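Beneath this line is the structure, given in structure tokens, with notes to follow.
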Amino acid sequence: MATSRRDPLTQEVVELIGTVVARYYEEYDQAASQHSLTGAQARTLGLLSLEPMPMRRIAQKLKCEPSNVTGIVDRLEARGLVERRPDPADRRVKLAAPTDKGLATATQLRDSLDFAREPLAGLSEEERGVLRDLLKRMLGEDAPH
């Protein structure tokens, strides 16, 4: 029997996911403000600390317009946290990349986010793996078996 979107368990799960997302953004915004950054600036810097990327890809990952990302990157660049550089694979494309100061700031931001780390610490490694795999399935990604 197919699960209805209105069944109580599904509604509870959806509400819990919404609460998790809201807490994540709230804590990210608080951590960002300690570095005089907006939440969007902090999330952009966090993304770029993983790998340099073009504006269009940042916009896709943040689910926002590329023009918004340009402004965010401009402000991060003005603070010396990000720089633009040519993409080695296609010199016509500019990549946003963190500076050393940007990488250090991204690390400090990540280290100050207790919201996810604290509750997840109470789960076993197996439970965290199951949660990860379920979240990946929900997002349509292949989870390892």
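Going by the structure tokens order, chains are called A, B, ..., each with residues numbered from 1, while ligands are numbered from 1 in the order shown.
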
At a cut-off of 12 Å, using only C-alpha atoms, what residues contact segment 102-111 of chain A? Leave out same-chain residues fewer than 5 positions from it and give the result as number ranges by chain. A: 24, 27-39, 41-52, 73, 76-83, 96-97, 116-118

Any chance you can output those residues with N, CA and C atoms as a tab-separated table (two decimals), in the first residue's frame?
chain	number	residue	atom	x	y	z
A	24	TYR	N	19.32	24.48	11.80
A	24	TYR	CA	20.60	24.55	11.08
A	24	TYR	C	20.85	25.98	10.61
A	27	GLU	N	21.47	28.43	13.56
A	27	GLU	CA	22.81	28.32	14.14
A	27	GLU	C	23.88	28.83	13.16
A	28	TYR	N	23.69	28.55	11.87
A	28	TYR	CA	24.64	29.03	10.87
A	28	TYR	C	24.66	30.55	10.87
A	29	ASP	N	23.47	31.18	10.96
A	29	ASP	CA	23.39	32.64	10.99
A	29	ASP	C	24.08	33.20	12.23
A	30	GLN	N	23.89	32.53	13.39
A	30	GLN	CA	24.54	32.99	14.62
A	30	GLN	C	26.06	32.87	14.51
A	31	ALA	N	26.54	31.75	14.00
A	31	ALA	CA	27.98	31.56	13.83
A	31	ALA	C	28.53	32.58	12.84
A	32	ALA	N	27.80	32.82	11.76
A	32	ALA	CA	28.24	33.78	10.75
A	32	ALA	C	28.35	35.18	11.34
A	33	SER	N	27.37	35.56	12.16
A	33	SER	CA	27.38	36.92	12.71
A	33	SER	C	28.60	37.16	13.61
A	34	GLN	N	29.12	36.10	14.21
A	34	GLN	CA	30.33	36.24	15.04
A	34	GLN	C	31.55	36.60	14.18
A	35	HIS	N	31.44	36.38	12.88
A	35	HIS	CA	32.51	36.74	11.94
A	35	HIS	C	32.09	37.91	11.05
A	36	SER	N	31.01	38.60	11.47
A	36	SER	CA	30.46	39.72	10.69
A	36	SER	C	30.09	39.32	9.27
A	37	LEU	N	29.53	38.11	9.14
A	37	LEU	CA	29.08	37.60	7.86
A	37	LEU	C	27.58	37.33	7.94
A	38	THR	N	26.92	37.35	6.78
A	38	THR	CA	25.54	36.89	6.73
A	38	THR	C	25.56	35.37	6.63
A	39	GLY	N	24.41	34.75	6.87
A	39	GLY	CA	24.33	33.30	6.72
A	39	GLY	C	24.67	32.87	5.31
A	41	GLN	N	26.60	34.41	3.15
A	41	GLN	CA	28.04	34.56	2.94
A	41	GLN	C	28.79	33.39	3.58
A	42	ALA	N	28.38	33.00	4.78
A	42	ALA	CA	29.04	31.90	5.48
A	42	ALA	C	28.84	30.59	4.74
A	43	ARG	N	27.63	30.35	4.24
A	43	ARG	CA	27.37	29.10	3.51
A	43	ARG	C	28.16	29.08	2.20
A	44	THR	N	28.28	30.23	1.55
A	44	THR	CA	29.07	30.30	0.31
A	44	THR	C	30.54	30.01	0.62
A	45	LEU	N	31.05	30.62	1.66
A	45	LEU	CA	32.44	30.39	2.05
A	45	LEU	C	32.65	28.92	2.41
A	46	GLY	N	31.70	28.32	3.10
A	46	GLY	CA	31.79	26.90	3.44
A	46	GLY	C	31.84	26.01	2.20
A	47	LEU	N	30.99	26.33	1.22
A	47	LEU	CA	31.01	25.58	-0.04
A	47	LEU	C	32.36	25.70	-0.74
A	48	LEU	N	32.84	26.94	-0.81
A	48	LEU	CA	34.10	27.18	-1.52
A	48	LEU	C	35.29	26.57	-0.80
A	49	SER	N	35.17	26.36	0.50
A	49	SER	CA	36.28	25.74	1.23
A	49	SER	C	36.45	24.28	0.83
A	50	LEU	N	35.39	23.69	0.27
A	50	LEU	CA	35.47	22.30	-0.20
A	50	LEU	C	36.13	22.22	-1.57
A	51	GLU	N	35.79	23.20	-2.44
A	51	GLU	CA	36.41	23.28	-3.76
A	51	GLU	C	36.01	24.60	-4.42
A	52	PRO	N	36.94	25.21	-5.17
A	52	PRO	CA	36.57	26.42	-5.92
A	52	PRO	C	35.50	26.06	-6.95
A	73	VAL	N	29.70	36.97	-3.40
A	73	VAL	CA	31.13	36.77	-3.67
A	73	VAL	C	31.85	38.11	-3.69
A	76	LEU	N	32.48	39.00	-0.10
A	76	LEU	CA	33.52	38.14	0.47
A	76	LEU	C	34.90	38.51	-0.08
A	77	GLU	N	34.93	38.87	-1.35
A	77	GLU	CA	36.19	39.27	-1.98
A	77	GLU	C	36.70	40.58	-1.37
A	78	ALA	N	35.79	41.51	-1.12
A	78	ALA	CA	36.17	42.80	-0.52
A	78	ALA	C	36.76	42.61	0.88
A	79	ARG	N	36.34	41.55	1.57
A	79	ARG	CA	36.86	41.25	2.91
A	79	ARG	C	38.13	40.41	2.87
A	80	GLY	N	38.58	40.03	1.67
A	80	GLY	CA	39.79	39.24	1.54
A	80	GLY	C	39.59	37.77	1.85
A	81	LEU	N	38.33	37.29	1.80
A	81	LEU	CA	38.05	35.90	2.13
A	81	LEU	C	37.96	35.01	0.89
A	82	VAL	N	37.69	35.63	-0.26
A	82	VAL	CA	37.50	34.91	-1.52
A	82	VAL	C	38.21	35.67	-2.62
A	83	GLU	N	38.66	34.93	-3.64
A	83	GLU	CA	39.22	35.57	-4.83
A	83	GLU	C	38.64	34.89	-6.06
A	96	ALA	N	35.28	31.09	-8.13
A	96	ALA	CA	35.43	31.73	-6.82
A	96	ALA	C	36.19	30.73	-5.97
A	97	ALA	N	37.21	31.20	-5.27
A	97	ALA	CA	38.04	30.32	-4.45
A	97	ALA	C	38.37	31.03	-3.15
A	116	ALA	N	24.39	20.25	14.74
A	116	ALA	CA	24.38	18.90	14.17
A	116	ALA	C	25.32	17.98	14.93
A	117	ARG	N	26.47	18.50	15.30
A	117	ARG	CA	27.50	17.66	15.91
A	117	ARG	C	27.01	17.07	17.24
A	118	GLU	N	26.40	17.89	18.10
A	118	GLU	CA	25.98	17.41	19.41
A	118	GLU	C	24.93	16.30	19.35

Report as a JSON list (two decimals) with C-alpha atoms, in the first residue's frame: the residues of segment 89-145 of chain A with a DSSP assignment of helix (DSSP H, G or I), based on the backbone of this structure.
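This went into states-v9.json:
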[["chain", "number", "residue", "atom", "x", "y", "z"],
["A", 100, "ASP", "CA", 43.99, 31.43, 3.16],
["A", 101, "LYS", "CA", 42.05, 33.83, 5.41],
["A", 102, "GLY", "CA", 38.79, 32.50, 3.90],
["A", 103, "LEU", "CA", 39.78, 28.88, 4.56],
["A", 104, "ALA", "CA", 40.65, 29.71, 8.16],
["A", 105, "THR", "CA", 37.33, 31.51, 8.63],
["A", 106, "ALA", "CA", 35.40, 28.60, 7.07],
["A", 107, "THR", "CA", 37.14, 26.19, 9.46],
["A", 108, "GLN", "CA", 36.28, 28.40, 12.45],
["A", 109, "LEU", "CA", 32.66, 28.58, 11.29],
["A", 110, "ARG", "CA", 32.43, 24.81, 10.85],
["A", 111, "ASP", "CA", 34.00, 24.21, 14.27],
["A", 112, "SER", "CA", 31.49, 26.53, 15.96],
["A", 114, "ASP", "CA", 27.35, 22.47, 17.48],
["A", 115, "PHE", "CA", 23.75, 21.90, 16.38],
["A", 116, "ALA", "CA", 24.38, 18.90, 14.17],
["A", 117, "ARG", "CA", 27.50, 17.66, 15.91],
["A", 118, "GLU", "CA", 25.98, 17.41, 19.41],
["A", 119, "PRO", "CA", 22.82, 15.42, 18.58],
["A", 120, "LEU", "CA", 24.69, 13.25, 16.08],
["A", 121, "ALA", "CA", 27.29, 12.42, 18.73],
["A", 125, "GLU", "CA", 28.29, 5.08, 13.84],
["A", 126, "GLU", "CA", 25.81, 2.55, 12.45],
["A", 127, "GLU", "CA", 22.85, 4.85, 13.21],
["A", 128, "ARG", "CA", 24.61, 7.81, 11.58],
["A", 129, "GLY", "CA", 25.27, 5.65, 8.50],
["A", 130, "VAL", "CA", 21.61, 4.61, 8.30],
["A", 131, "LEU", "CA", 20.51, 8.25, 8.68],
["A", 132, "ARG", "CA", 22.93, 9.32, 5.94],
["A", 133, "ASP", "CA", 21.72, 6.59, 3.61],
["A", 134, "LEU", "CA", 18.06, 7.44, 4.23],
["A", 135, "LEU", "CA", 18.70, 11.14, 3.58],
["A", 136, "LYS", "CA", 20.54, 10.29, 0.36],
["A", 137, "ARG", "CA", 17.61, 8.11, -0.72],
["A", 138, "MET", "CA", 15.20, 10.94, -0.01]]

To one decimal place in Å, what is the distance between atom CA of Ser67 of chain A and atom CA of Arg91 of chain A? 20.7 Å

Among chain A, which residues does DSSP mark as strand (DSSP E) when it is run on the backbone? Keep the chain and numbering as in the structure and answer as a list in words. Met53, Pro54, Val82, Glu83, Arg84, Arg85, Pro86, Asp87, Asp90, Arg91, Arg92, Val93, Lys94, Leu95, Ala96, Ala97 and Pro98 of chain A

Nearby residues (only C-alpha atoms) at most 8 Å from Val93 of chain A, same-chain spacing under 6 positions excluded, as a compact mmCIF listing (two decimals) with N, CA, C and O atoms, in the first residue's frame:
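Saved result, around_5.txt, follows:
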# COMPACT_ATOMS: atom_id res chain seq x y z
N PRO A 54 32.47 27.86 -10.06
CA PRO A 54 31.91 29.02 -10.74
C PRO A 54 30.62 29.48 -10.05
O PRO A 54 29.97 28.72 -9.34
N PRO A 86 40.79 32.37 -12.98
CA PRO A 86 40.35 31.64 -14.17
C PRO A 86 40.29 30.14 -13.90
O PRO A 86 41.11 29.60 -13.16
N ASP A 87 39.32 29.48 -14.49
CA ASP A 87 39.20 28.03 -14.40
C ASP A 87 40.27 27.43 -15.30
O ASP A 87 40.32 27.72 -16.49

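Nearest residue to Thr70 of chain A, choosing from A:Arg85, A:Ile17, A:Asp142, A:Arg56 and counting only C-alpha atoms: A:Arg56.
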
Calculate how many Å separate atom CA of Arg57 of chain A from atom CA of Gly71 of chain A, rounding to one decimal.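 Computing it gives 14.7 Å between the two atoms.
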